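Next up, final_0.cif (mmCIF, C-alpha atoms):
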```
data_data
#
loop_
_atom_site.label_atom_id
_atom_site.label_comp_id
_atom_site.auth_asym_id
_atom_site.auth_seq_id
_atom_site.Cartn_x
_atom_site.Cartn_y
_atom_site.Cartn_z
CA MET A 1 113.03 95.64 122.35
CA VAL A 2 116.77 95.87 121.69
CA ASP A 3 116.38 93.76 118.55
CA ILE A 4 113.57 95.99 117.23
CA PHE A 5 115.60 99.11 118.02
CA LEU A 6 118.59 97.73 116.12
CA ARG A 7 116.38 96.84 113.15
CA THR A 8 114.87 100.33 113.00
CA LEU A 9 118.18 102.09 113.63
CA PRO A 10 119.41 101.95 109.98
CA PHE A 11 116.28 103.80 108.86
CA PHE A 12 116.83 106.61 111.34
CA ALA A 13 120.57 106.57 110.56
CA ILE A 14 119.79 107.40 106.92
CA ILE A 15 117.47 110.17 108.12
CA GLY A 16 120.35 111.42 110.29
CA LEU A 17 122.70 111.32 107.31
CA GLY A 18 120.24 113.41 105.31
CA TYR A 19 119.93 115.83 108.22
CA TRP A 20 123.73 116.24 108.34
CA ALA A 21 123.85 116.81 104.59
CA GLY A 22 121.18 119.50 104.88
CA ARG A 23 122.65 121.22 107.93
CA SER A 24 126.15 121.27 106.46
CA ARG A 25 124.75 122.66 103.19
CA PHE A 26 126.31 119.73 101.35
CA PHE A 27 122.73 119.17 100.20
CA SER A 28 120.94 122.44 99.43
CA GLU A 29 117.24 123.07 99.98
CA GLU A 30 116.80 123.07 96.20
CA ALA A 31 118.47 119.65 95.95
CA THR A 32 116.22 118.36 98.76
CA ALA A 33 113.14 119.63 96.94
CA TYR A 34 114.13 117.84 93.74
CA LEU A 35 115.01 114.62 95.57
CA THR A 36 111.63 114.73 97.33
CA LYS A 37 109.90 115.28 93.99
CA PHE A 38 111.73 112.29 92.45
CA VAL A 39 110.76 110.01 95.33
CA PHE A 40 107.17 111.29 95.47
CA TYR A 41 106.37 111.15 91.76
CA PHE A 42 108.53 108.26 90.57
CA ALA A 43 110.19 105.93 93.08
CA LEU A 44 107.48 105.72 95.72
CA SER A 45 104.74 105.61 93.10
CA ALA A 46 106.48 102.71 91.36
CA MET A 47 106.77 100.85 94.67
CA LEU A 48 103.10 101.42 95.54
CA PHE A 49 101.84 100.42 92.09
CA ARG A 50 103.92 97.25 92.04
CA PHE A 51 102.76 96.14 95.47
CA ALA A 52 99.10 96.96 94.76
CA ALA A 53 99.14 95.30 91.34
CA THR A 54 100.83 92.08 92.46
CA LEU A 55 98.88 91.48 95.68
CA PRO A 56 95.44 89.81 95.43
CA PHE A 57 92.74 92.47 95.83
CA ALA A 58 90.94 90.43 98.50
CA GLU A 59 94.11 90.43 100.63
CA ILE A 60 94.49 94.21 100.45
CA PHE A 61 91.03 95.59 101.18
CA ASN A 62 89.83 95.28 104.77
CA ALA A 63 86.79 97.44 105.51
CA ARG A 64 86.91 96.74 109.24
CA LEU A 65 90.56 97.86 109.41
CA VAL A 66 89.76 101.04 107.46
CA LEU A 67 86.84 101.88 109.76
CA GLY A 68 88.82 101.09 112.92
CA TYR A 69 91.83 103.17 111.88
CA LEU A 70 89.51 106.00 110.82
CA ILE A 71 87.75 106.02 114.20
CA GLY A 72 91.02 105.88 116.16
CA THR A 73 92.54 108.69 114.12
CA ALA A 74 89.38 110.78 114.34
CA ALA A 75 89.52 110.42 118.13
CA VAL A 76 92.99 111.95 118.48
CA TYR A 77 92.13 114.52 115.78
CA SER A 78 89.10 115.57 117.85
CA LEU A 79 91.13 115.67 121.07
CA ALA A 80 93.76 117.96 119.55
CA THR A 81 91.02 120.16 118.11
CA LEU A 82 89.26 120.38 121.48
CA VAL A 83 92.49 121.40 123.23
CA ALA A 84 93.12 124.02 120.52
CA TRP A 85 89.63 125.46 120.98
CA ILE A 86 90.08 125.60 124.77
CA ARG A 87 93.19 127.69 124.07
CA ARG A 88 90.96 129.93 121.88
CA LEU A 89 92.78 129.23 118.62
CA ASP A 90 91.02 129.96 115.34
CA ILE A 91 89.73 127.13 113.16
CA PRO A 92 92.61 127.09 110.62
CA THR A 93 95.28 126.96 113.36
CA ALA A 94 93.33 124.28 115.24
CA ALA A 95 93.14 122.27 112.00
CA VAL A 96 96.92 122.41 111.54
CA GLU A 97 97.52 121.28 115.12
CA ALA A 98 95.01 118.42 114.72
CA GLN A 99 96.74 117.37 111.51
CA CYS A 100 100.08 117.26 113.35
CA ALA A 101 98.50 115.13 116.09
CA ALA A 102 96.96 112.57 113.74
CA ILE A 103 98.85 112.29 110.43
CA GLY A 104 102.12 110.36 110.39
CA ASN A 105 104.89 109.90 107.87
CA VAL A 106 103.38 106.69 106.49
CA GLY A 107 104.44 107.15 102.86
CA PHE A 108 108.11 108.08 103.16
CA LEU A 109 109.00 106.34 106.45
CA GLY A 110 106.27 103.85 107.29
CA LEU A 111 105.98 102.02 104.00
CA PRO A 112 109.64 100.97 103.64
CA MET A 113 110.26 100.40 107.36
CA LEU A 114 107.14 98.40 108.14
CA ALA A 115 107.53 96.33 104.97
CA LEU A 116 110.97 95.28 106.20
CA LEU A 117 110.01 94.72 109.84
CA PHE A 118 106.65 93.01 109.24
CA THR A 119 107.50 91.48 105.80
CA GLU A 120 105.82 92.49 102.54
CA ALA A 121 102.51 91.20 103.93
CA ALA A 122 102.31 94.57 105.74
CA ILE A 123 102.03 96.49 102.47
CA GLY A 124 98.26 95.99 102.21
CA PRO A 125 97.40 97.41 105.66
CA VAL A 126 99.93 100.25 105.24
CA MET A 127 98.37 101.26 101.91
CA LEU A 128 94.92 101.33 103.52
CA VAL A 129 96.22 103.55 106.33
CA LEU A 130 97.93 105.83 103.80
CA THR A 131 94.74 106.07 101.73
CA VAL A 132 92.64 107.06 104.77
CA ASP A 133 95.17 109.75 105.68
CA LEU A 134 95.32 111.17 102.15
CA VAL A 135 91.65 110.96 101.19
CA VAL A 136 89.93 111.79 104.49
CA PHE A 137 92.24 113.92 106.62
CA SER A 138 94.18 115.74 103.91
CA SER A 139 90.79 116.77 102.51
CA LEU A 140 89.50 117.71 105.97
CA ILE A 141 92.30 120.20 106.67
CA VAL A 142 91.64 121.97 103.37
CA ILE A 143 87.93 122.18 104.23
CA LEU A 144 88.61 123.51 107.74
CA ILE A 145 91.18 126.10 106.67
CA ASN A 146 89.13 127.45 103.78
CA GLY A 147 85.85 127.25 105.67
CA GLY A 148 87.38 128.84 108.76
CA ARG A 149 88.75 131.75 106.75
CA ASP A 150 85.70 132.43 104.58
CA GLY A 151 83.02 131.46 107.09
CA ARG A 152 81.48 129.16 104.47
CA LEU A 153 82.36 126.40 102.05
CA THR A 154 82.30 127.09 98.33
CA PRO A 155 82.31 124.73 95.33
CA ALA A 156 85.83 125.96 94.63
CA THR A 157 87.04 124.34 97.88
CA PHE A 158 85.68 120.93 96.91
CA ARG A 159 87.00 121.35 93.38
CA LEU A 160 90.44 122.06 94.88
CA ILE A 161 90.20 118.90 96.99
CA GLY A 162 89.14 116.78 94.03
CA ILE A 163 91.94 118.06 91.81
CA GLY A 164 94.45 117.56 94.63
CA LEU A 165 93.42 113.91 95.04
CA LEU A 166 93.48 113.24 91.31
CA LYS A 167 96.96 114.77 91.01
CA ASN A 168 98.42 112.99 94.07
CA PRO A 169 100.76 110.32 92.66
CA MET A 170 100.34 108.06 95.71
CA ILE A 171 96.56 107.98 95.31
CA VAL A 172 96.89 107.47 91.55
CA SER A 173 99.46 104.66 91.87
CA ILE A 174 97.51 102.82 94.59
CA SER A 175 94.23 103.13 92.66
CA ALA A 176 95.82 102.01 89.38
CA GLY A 177 97.51 99.07 91.12
CA LEU A 178 94.30 97.98 92.83
CA LEU A 179 92.41 98.09 89.52
CA TRP A 180 95.20 96.06 87.92
CA SER A 181 94.93 93.52 90.71
CA ALA A 182 91.10 93.46 90.69
CA PHE A 183 91.08 92.61 86.97
CA GLN A 184 93.78 89.98 87.62
CA ILE A 185 96.03 91.32 84.86
CA PRO A 186 99.47 89.67 84.98
CA VAL A 187 102.44 92.00 85.38
CA PRO A 188 104.91 91.34 82.53
CA ALA A 189 108.44 90.49 83.68
CA PRO A 190 110.07 93.59 82.07
CA LEU A 191 107.49 95.87 83.71
CA ASN A 192 107.94 94.13 87.07
CA ASP A 193 111.73 94.52 86.81
CA PHE A 194 111.34 98.20 85.87
CA LEU A 195 109.06 98.85 88.85
CA THR A 196 111.35 96.90 91.18
CA ILE A 197 114.45 98.86 90.17
CA LEU A 198 112.72 102.25 90.27
CA GLY A 199 110.83 101.42 93.48
CA GLY A 200 114.07 100.30 95.08
CA ALA A 201 115.17 103.94 95.14
CA ALA A 202 112.16 104.88 97.26
CA THR A 203 113.48 103.69 100.62
CA PRO A 204 116.93 105.36 100.75
CA GLY A 205 115.71 108.37 98.77
CA ALA A 206 112.70 108.99 101.01
CA LEU A 207 114.63 108.58 104.24
CA PHE A 208 117.46 110.85 103.07
CA ALA A 209 114.91 113.43 101.90
CA ILE A 210 113.18 113.36 105.31
CA GLY A 211 116.48 114.11 107.05
CA ALA A 212 117.54 116.80 104.61
CA SER A 213 114.16 118.53 104.91
CA LEU A 214 114.37 118.45 108.73
CA ALA A 215 117.57 120.51 108.51
CA SER A 216 115.51 123.55 107.51
CA LYS A 217 112.90 123.04 110.26
CA SER A 218 112.87 125.26 113.33
CA ALA A 219 112.24 124.27 116.95
CA GLU A 220 110.09 127.23 117.94
CA ARG A 221 107.06 126.81 120.25
CA VAL A 222 108.62 123.73 121.83
CA HIS A 223 105.87 123.30 124.44
CA ILE A 224 103.22 123.14 121.71
CA ALA A 225 105.41 120.84 119.63
CA GLY A 226 105.82 118.62 122.69
CA TRP A 227 102.05 118.32 123.14
CA LEU A 228 101.47 117.56 119.44
CA SER A 229 104.34 115.04 119.41
CA PHE A 230 102.84 113.31 122.46
CA CYS A 231 99.51 113.11 120.64
CA LYS A 232 101.13 111.67 117.53
CA LEU A 233 103.59 109.23 119.11
CA VAL A 234 101.56 108.06 122.13
CA ILE A 235 97.87 108.97 122.01
CA HIS A 236 97.34 108.18 118.32
CA PRO A 237 98.66 104.59 118.44
CA ALA A 238 96.83 104.09 121.77
CA CYS A 239 93.50 105.19 120.22
CA VAL A 240 93.99 102.99 117.15
CA ALA A 241 94.97 100.06 119.39
CA ILE A 242 91.86 100.45 121.57
CA VAL A 243 89.60 100.43 118.50
CA LEU A 244 91.31 97.65 116.53
CA LEU A 245 91.99 95.33 119.48
CA TRP A 246 88.80 95.77 121.55
CA ILE A 247 86.05 97.91 120.00
CA LEU A 248 86.22 96.70 116.37
CA PRO A 249 88.71 93.83 116.66
CA VAL A 250 90.49 92.70 113.50
CA ALA A 251 93.07 89.98 112.93
CA ALA A 252 96.26 90.42 114.96
CA PHE A 253 98.61 91.02 112.03
CA PRO A 254 96.81 93.91 110.23
CA ALA A 255 95.98 95.44 113.61
CA SER A 256 99.66 95.38 114.60
CA VAL A 257 100.69 97.01 111.33
CA ALA A 258 98.06 99.76 111.63
CA ILE A 259 99.02 100.49 115.25
CA ALA A 260 102.71 100.68 114.27
CA ALA A 261 101.79 103.02 111.40
CA ALA A 262 99.88 105.22 113.85
CA ALA A 263 103.03 105.51 115.99
CA LEU A 264 105.04 107.21 113.22
CA PRO A 265 106.15 110.86 113.59
CA VAL A 266 104.34 113.83 112.08
CA ALA A 267 104.24 113.81 108.27
CA GLY A 268 106.24 116.37 106.34
CA ASN A 269 103.29 117.30 104.14
CA VAL A 270 101.60 118.90 107.18
CA TYR A 271 104.27 121.62 107.06
CA MET A 272 103.79 121.98 103.31
CA LEU A 273 100.05 122.57 103.79
CA ALA A 274 100.64 124.95 106.72
CA ALA A 275 103.21 126.94 104.73
CA HIS A 276 101.01 126.99 101.62
CA TYR A 277 98.08 128.49 103.52
CA GLY A 278 100.25 130.58 105.85
CA VAL A 279 98.76 128.95 108.96
CA ALA A 280 101.10 128.13 111.88
CA PRO A 281 103.98 126.79 109.76
CA HIS A 282 106.48 127.19 112.62
CA ARG A 283 104.56 125.01 115.05
CA ALA A 284 104.09 122.36 112.35
CA SER A 285 107.82 122.55 111.63
CA ALA A 286 108.71 122.14 115.31
CA ALA A 287 106.28 119.22 115.72
CA ILE A 288 107.83 117.40 112.75
CA LEU A 289 111.37 117.95 114.02
CA LEU A 290 110.65 116.97 117.64
CA SER A 291 108.41 113.99 116.88
CA THR A 292 110.91 112.56 114.39
CA ALA A 293 113.75 112.84 116.91
CA VAL A 294 111.76 111.25 119.74
CA SER A 295 110.33 108.52 117.46
CA ILE A 296 113.78 106.91 117.34
CA LEU A 297 112.85 105.53 120.77
CA THR A 298 109.05 105.45 120.73
CA VAL A 299 108.52 103.65 117.41
CA PRO A 300 110.62 100.60 118.44
CA LEU A 301 108.70 100.53 121.75
CA VAL A 302 105.34 100.38 119.98
CA ILE A 303 106.53 97.82 117.44
CA ALA A 304 107.98 95.67 120.21
CA TRP A 305 104.65 95.89 122.04
CA VAL A 306 102.49 94.87 119.06
CA GLY A 307 105.05 92.27 117.99
CA THR A 308 106.48 91.38 114.56
CA PRO A 309 106.44 88.05 112.68
#
```
Re-express the file's structure as structure tokens.
Amino acid sequence: MVDIFLRTLPFFAIIGLGYWAGRSRFFSEEATAYLTKFVFYFALSAMLFRFAATLPFAEIFNARLVLGYLIGTAAVYSLATLVAWIRRLDIPTAAVEAQCAAIGNVGFLGLPMLALLFTEAAIGPVMLVLTVDLVVFSSLIVILINGGRDGRLTPATFRLIGIGLLKNPMIVSISAGLLWSAFQIPVPAPLNDFLTILGGAATPGALFAIGASLASKSAERVHIAGWLSFCKLVIHPACVAIVLLWILPVAAFPASVAIAAAALPVAGNVYMLAAHYGVAPHRASAAILLSTAVSILTVPLVIAWVGTP
């Protein structure tokens, strides 16, 4: 446990450095936005494409892992939704809370950290987890918010989802890399070096951007944020573990990676969606801030439990 904590500490230290830079105004909100855009569209996309293109396709795709993670995530999503309905929240607000409970920071935090802790063999399972989150649950929240507001679903909603997926650089880079791998096209040395150098900026850039963005987050509605953080940091990995270890058992290594990915704090894009639609942005903000702070202790606990190579 102490060893895992010490190995994860540098990642959270960079997040803390970014938080200090944001709070002290050394790094403005505009600078944070541009750094996030660089990481999202360039550095992280280069890293994802390189990993997907250089790994054998058969080693990446695991239908049983996808189904198991989907079921485990749907379980905590449904639980959070049920609790929101008991509290008589409307559908859009319930959708935001469920998103906080089930969607972790897999792209910016999970990918670099789990690749280091579990070796690069973890990249395949992490990309599958990330794809499920982006394709299924990021689409679901758009459906629930728009359907809840209008009382019906229109073709425009599904067109918005389709365009969003096609324009998401993480989806595009993973898909392009998997096609490259499936056709067994060799990656030329200059291209591999280019992707390696550019992708190398993803880890420090993403972690710093997480911290800097947290500096603008508020801690309002702490009791709600506490419940959503408990769902994300404890119930979500527990649900995924139950499915992948006992209900639909998969090999120990990909199961461990998926469970560790499920233990990550609330993703920053949940706040972006909440703010964009004007639905409970403050509670999403508080959940991100609180879950990230607490995850300094809970993530090493989960990783120590599932074990690393």
If you count all atoms listed in the file, the residue of A:Tyr41, A:Tyr34, A:Phe5, A:Phe49 closest to Phe194 (chain A) turns out to be A:Phe49
Would you tabulate, counting all atoms listed in the file, all residues of region 59-122 of chain A that have an atom at most 9 Å from an atom of region 235-251 of chain A, showing the closest pair of atoms and their distance in Å to one decimal, sorted by chain then ascending number, as JSON lines?
```
{"residue": "A:Arg64", "atom": "CA", "partner": "A:Val250", "partner_atom": "CA", "distance": 6.9}
{"residue": "A:Leu65", "atom": "CA", "partner": "A:Val250", "partner_atom": "CA", "distance": 6.6}
{"residue": "A:Leu67", "atom": "CA", "partner": "A:Leu248", "partner_atom": "CA", "distance": 8.4}
{"residue": "A:Gly68", "atom": "CA", "partner": "A:Leu244", "partner_atom": "CA", "distance": 5.6}
{"residue": "A:Tyr69", "atom": "CA", "partner": "A:Val240", "partner_atom": "CA", "distance": 5.7}
{"residue": "A:Leu70", "atom": "CA", "partner": "A:Val240", "partner_atom": "CA", "distance": 8.3}
{"residue": "A:Ile71", "atom": "CA", "partner": "A:Val243", "partner_atom": "CA", "distance": 7.3}
{"residue": "A:Gly72", "atom": "CA", "partner": "A:Val240", "partner_atom": "CA", "distance": 4.3}
{"residue": "A:Thr73", "atom": "CA", "partner": "A:His236", "partner_atom": "CA", "distance": 6.4}
{"residue": "A:Ala75", "atom": "CA", "partner": "A:Cys239", "partner_atom": "CA", "distance": 6.9}
{"residue": "A:Val76", "atom": "CA", "partner": "A:His236", "partner_atom": "CA", "distance": 5.8}
{"residue": "A:Tyr77", "atom": "CA", "partner": "A:His236", "partner_atom": "CA", "distance": 8.6}
{"residue": "A:Ala101", "atom": "CA", "partner": "A:His236", "partner_atom": "CA", "distance": 7.4}
{"residue": "A:Ala102", "atom": "CA", "partner": "A:His236", "partner_atom": "CA", "distance": 6.4}
```
Val302 (chain A) proximity check over A:Ser256, A:Ser173, A:Ser285, A:Ser78, using all atoms listed in the file: winner is A:Ser256
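Residues matched by the PyMOL selection byres ((chain A and resi 261-263) around 8) in this file are A:Ala102, A:Ile103, A:Gly104, A:Val106, A:Gly110, A:Leu114, A:Val126, A:Val129, A:Lys232, A:Leu233, A:Val234, A:His236, A:Pro237, A:Val240, A:Val257, A:Ala258, A:Ile259, A:Ala260, A:Leu264, A:Pro265, A:Thr298, A:Val299, A:Val302.
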Contacts of Pro125 (chain A) at 9 Å (all atoms listed in the file; same-chain gap of 3+ positions) as a ChimeraX atom specification = /A:60-62,65-66,121-122,128-130,254-255,257-258
Resolved residues for the PyMOL selection byres ((chain A and resi 44-47) around 6) as a PyMOL selection string: chain A and resi 39-43+48-50+170+173+195+199+202
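Distance check against Leu228 (chain A) using only C-alpha atoms: of A:Ala63, A:Leu144, A:Ala284, A:Leu17, the minimum falls on A:Ala284.
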message: Quick check on the file I pasted: which residues fall under the PyMOL selection byres ((chain A and resi 29) around 12)? Write them as a ChimeraX atom specification.
response: /A:18-19,21-28,30-36,209-217
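Take CA of Phe118 (chain A) and CA of Asp133 (chain A): the distance between them is 20.6 Å.
The gap separating CA of Glu97 (chain A) from CA of Met272 (chain A) is 13.4 Å, in Å to one decimal.
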Inset, instruction - In the coordinate frame of the file, compute which residues have an atom within 8 Å of (103.7, 125.2, 114.8) when using only C-alpha atoms, and state them as a PyMOL selection string. - result: chain A and resi 97+220-221+224-225+280-287
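Counting from CA of Met113 (chain A), the distance to CA of Ile161 (chain A) is 29.2 Å.
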Item to complete: Just the residues within 9 Å of Ile4 (chain A), please, counting only C-alpha atoms, with nothing from its chain fewer than 5 positions along; format it as a list in words.
Response: Leu9, Leu117, Pro300, Leu301, Ile303, Ala304 and Thr308 of chain A
Just-selected residues, C-alpha atoms written as a PDB file, keeping the file's coordinate frame:
```pdb
ATOM      1  CA  LEU A   9     118.180 102.090 113.630  1.00  0.00           C
ATOM      2  CA  LEU A 117     110.010  94.720 109.840  1.00  0.00           C
ATOM      3  CA  PRO A 300     110.620 100.600 118.440  1.00  0.00           C
ATOM      4  CA  LEU A 301     108.700 100.530 121.750  1.00  0.00           C
ATOM      5  CA  ILE A 303     106.530  97.820 117.440  1.00  0.00           C
ATOM      6  CA  ALA A 304     107.980  95.670 120.210  1.00  0.00           C
ATOM      7  CA  THR A 308     106.480  91.380 114.560  1.00  0.00           C
TER       8      THR A 308
END
```
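Closest approach to Thr203 (chain A) from the set A:Phe12, A:Trp85, A:Trp305, A:Phe57 is made by A:Phe12, with distances taken over only C-alpha atoms.
Each of A:Ala53, A:Leu6, A:Leu89, A:Ala95 was compared to Asn146 (chain A) using only C-alpha atoms, and A:Ala95 turns out to be the nearest.
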Give the centre and edge lengths of an axis-aligned box, in Å to one decimal, that holds all listed atoms of region 120-132 of chain A with 5 Å on each side, as JSON.
```
{"center_x": 99.2, "center_y": 99.1, "center_z": 104.0, "size_x": 23.2, "size_y": 25.9, "size_z": 14.6}
```
Across A:Asp3, A:Ala84, A:Thr8, A:Ile145, the smallest distance to Gly278 (chain A), with only C-alpha atoms counted, is shown by A:Ile145
At a cut-off of 10 Å, can you tabulate as CSV every residue of region 38-129 of chain A near region 182-186 of chain A together with its closest atom pair and the distance in Å to one decimal, using all atoms listed in the file and ordering rows by chain then number?
```
residue,atom,partner,partner_atom,distance
A:Ala52,CA,A:Ala182,CA,9.6
A:Ala53,CA,A:Ile185,CA,8.2
A:Thr54,CA,A:Pro186,CA,8.0
A:Leu55,CA,A:Ala182,CA,9.5
A:Pro56,CA,A:Ala182,CA,7.4
A:Phe57,CA,A:Ala182,CA,5.5
A:Ala58,CA,A:Ala182,CA,8.4
```
Missing atoms in region 109-125 of chain A: fill them in up to N, CA, C and O atoms and send the result as an mmCIF file, keeping the file's coordinate frame.
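Resulting contents of result.cif:
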```cif
data_model
loop_
_atom_site.group_PDB
_atom_site.id
_atom_site.type_symbol
_atom_site.label_atom_id
_atom_site.label_comp_id
_atom_site.auth_asym_id
_atom_site.auth_seq_id
_atom_site.Cartn_x
_atom_site.Cartn_y
_atom_site.Cartn_z
ATOM 1 N N LEU A 109 108.314 107.106 105.407
ATOM 2 C CA LEU A 109 109.000 106.340 106.450
ATOM 3 C C LEU A 109 108.307 105.014 106.739
ATOM 4 O O LEU A 109 108.952 103.971 106.806
ATOM 5 N N GLY A 110 106.999 105.047 106.885
ATOM 6 C CA GLY A 110 106.270 103.850 107.290
ATOM 7 C C GLY A 110 106.295 102.725 106.286
ATOM 8 O O GLY A 110 106.505 101.551 106.635
ATOM 9 N N LEU A 111 106.059 103.060 105.029
ATOM 10 C CA LEU A 111 105.980 102.020 104.000
ATOM 11 C C LEU A 111 107.246 101.187 103.913
ATOM 12 O O LEU A 111 107.191 99.958 104.022
ATOM 13 N N PRO A 112 108.429 101.799 103.729
ATOM 14 C CA PRO A 112 109.640 100.970 103.640
ATOM 15 C C PRO A 112 110.006 100.286 104.955
ATOM 16 O O PRO A 112 110.433 99.124 104.952
ATOM 17 N N MET A 113 109.839 100.970 106.081
ATOM 18 C CA MET A 113 110.260 100.400 107.360
ATOM 19 C C MET A 113 109.356 99.250 107.799
ATOM 20 O O MET A 113 109.838 98.188 108.200
ATOM 21 N N LEU A 114 108.062 99.443 107.695
ATOM 22 C CA LEU A 114 107.140 98.400 108.140
ATOM 23 C C LEU A 114 107.143 97.200 107.196
ATOM 24 O O LEU A 114 106.927 96.067 107.631
ATOM 25 N N ALA A 115 107.414 97.454 105.904
ATOM 26 C CA ALA A 115 107.530 96.330 104.970
ATOM 27 C C ALA A 115 108.721 95.442 105.323
ATOM 28 O O ALA A 115 108.662 94.221 105.174
ATOM 29 N N LEU A 116 109.787 96.056 105.809
ATOM 30 C CA LEU A 116 110.970 95.280 106.200
ATOM 31 C C LEU A 116 110.741 94.575 107.544
ATOM 32 O O LEU A 116 111.037 93.396 107.684
ATOM 33 N N LEU A 117 110.173 95.290 108.501
ATOM 34 C CA LEU A 117 110.010 94.720 109.840
ATOM 35 C C LEU A 117 108.900 93.676 109.898
ATOM 36 O O LEU A 117 109.026 92.661 110.583
ATOM 37 N N PHE A 118 107.798 93.915 109.188
ATOM 38 C CA PHE A 118 106.650 93.010 109.240
ATOM 39 C C PHE A 118 106.552 92.105 108.016
ATOM 40 O O PHE A 118 105.585 91.355 107.904
ATOM 41 N N THR A 119 107.496 92.176 107.100
ATOM 42 C CA THR A 119 107.500 91.480 105.800
ATOM 43 C C THR A 119 106.566 92.213 104.828
ATOM 44 O O THR A 119 105.779 93.072 105.230
ATOM 45 N N GLU A 120 106.619 91.820 103.567
ATOM 46 C CA GLU A 120 105.820 92.490 102.540
ATOM 47 C C GLU A 120 104.318 92.293 102.746
ATOM 48 O O GLU A 120 103.503 92.975 102.110
ATOM 49 N N ALA A 121 103.931 91.388 103.631
ATOM 50 C CA ALA A 121 102.510 91.200 103.930
ATOM 51 C C ALA A 121 101.923 92.449 104.579
ATOM 52 O O ALA A 121 100.696 92.638 104.608
ATOM 53 N N ALA A 122 102.783 93.337 105.102
ATOM 54 C CA ALA A 122 102.310 94.570 105.740
ATOM 55 C C ALA A 122 101.913 95.632 104.738
ATOM 56 O O ALA A 122 101.268 96.621 105.113
ATOM 57 N N ILE A 123 102.268 95.445 103.473
ATOM 58 C CA ILE A 123 102.030 96.490 102.470
ATOM 59 C C ILE A 123 100.545 96.799 102.348
ATOM 60 O O ILE A 123 100.144 97.962 102.263
ATOM 61 N N GLY A 124 99.694 95.773 102.337
ATOM 62 C CA GLY A 124 98.260 95.990 102.210
ATOM 63 C C GLY A 124 97.697 96.887 103.299
ATOM 64 O O GLY A 124 97.092 97.934 103.013
ATOM 65 N N PRO A 125 97.880 96.535 104.585
ATOM 66 C CA PRO A 125 97.400 97.410 105.660
ATOM 67 C C PRO A 125 98.003 98.818 105.622
ATOM 68 O O PRO A 125 97.305 99.801 105.885
#
```
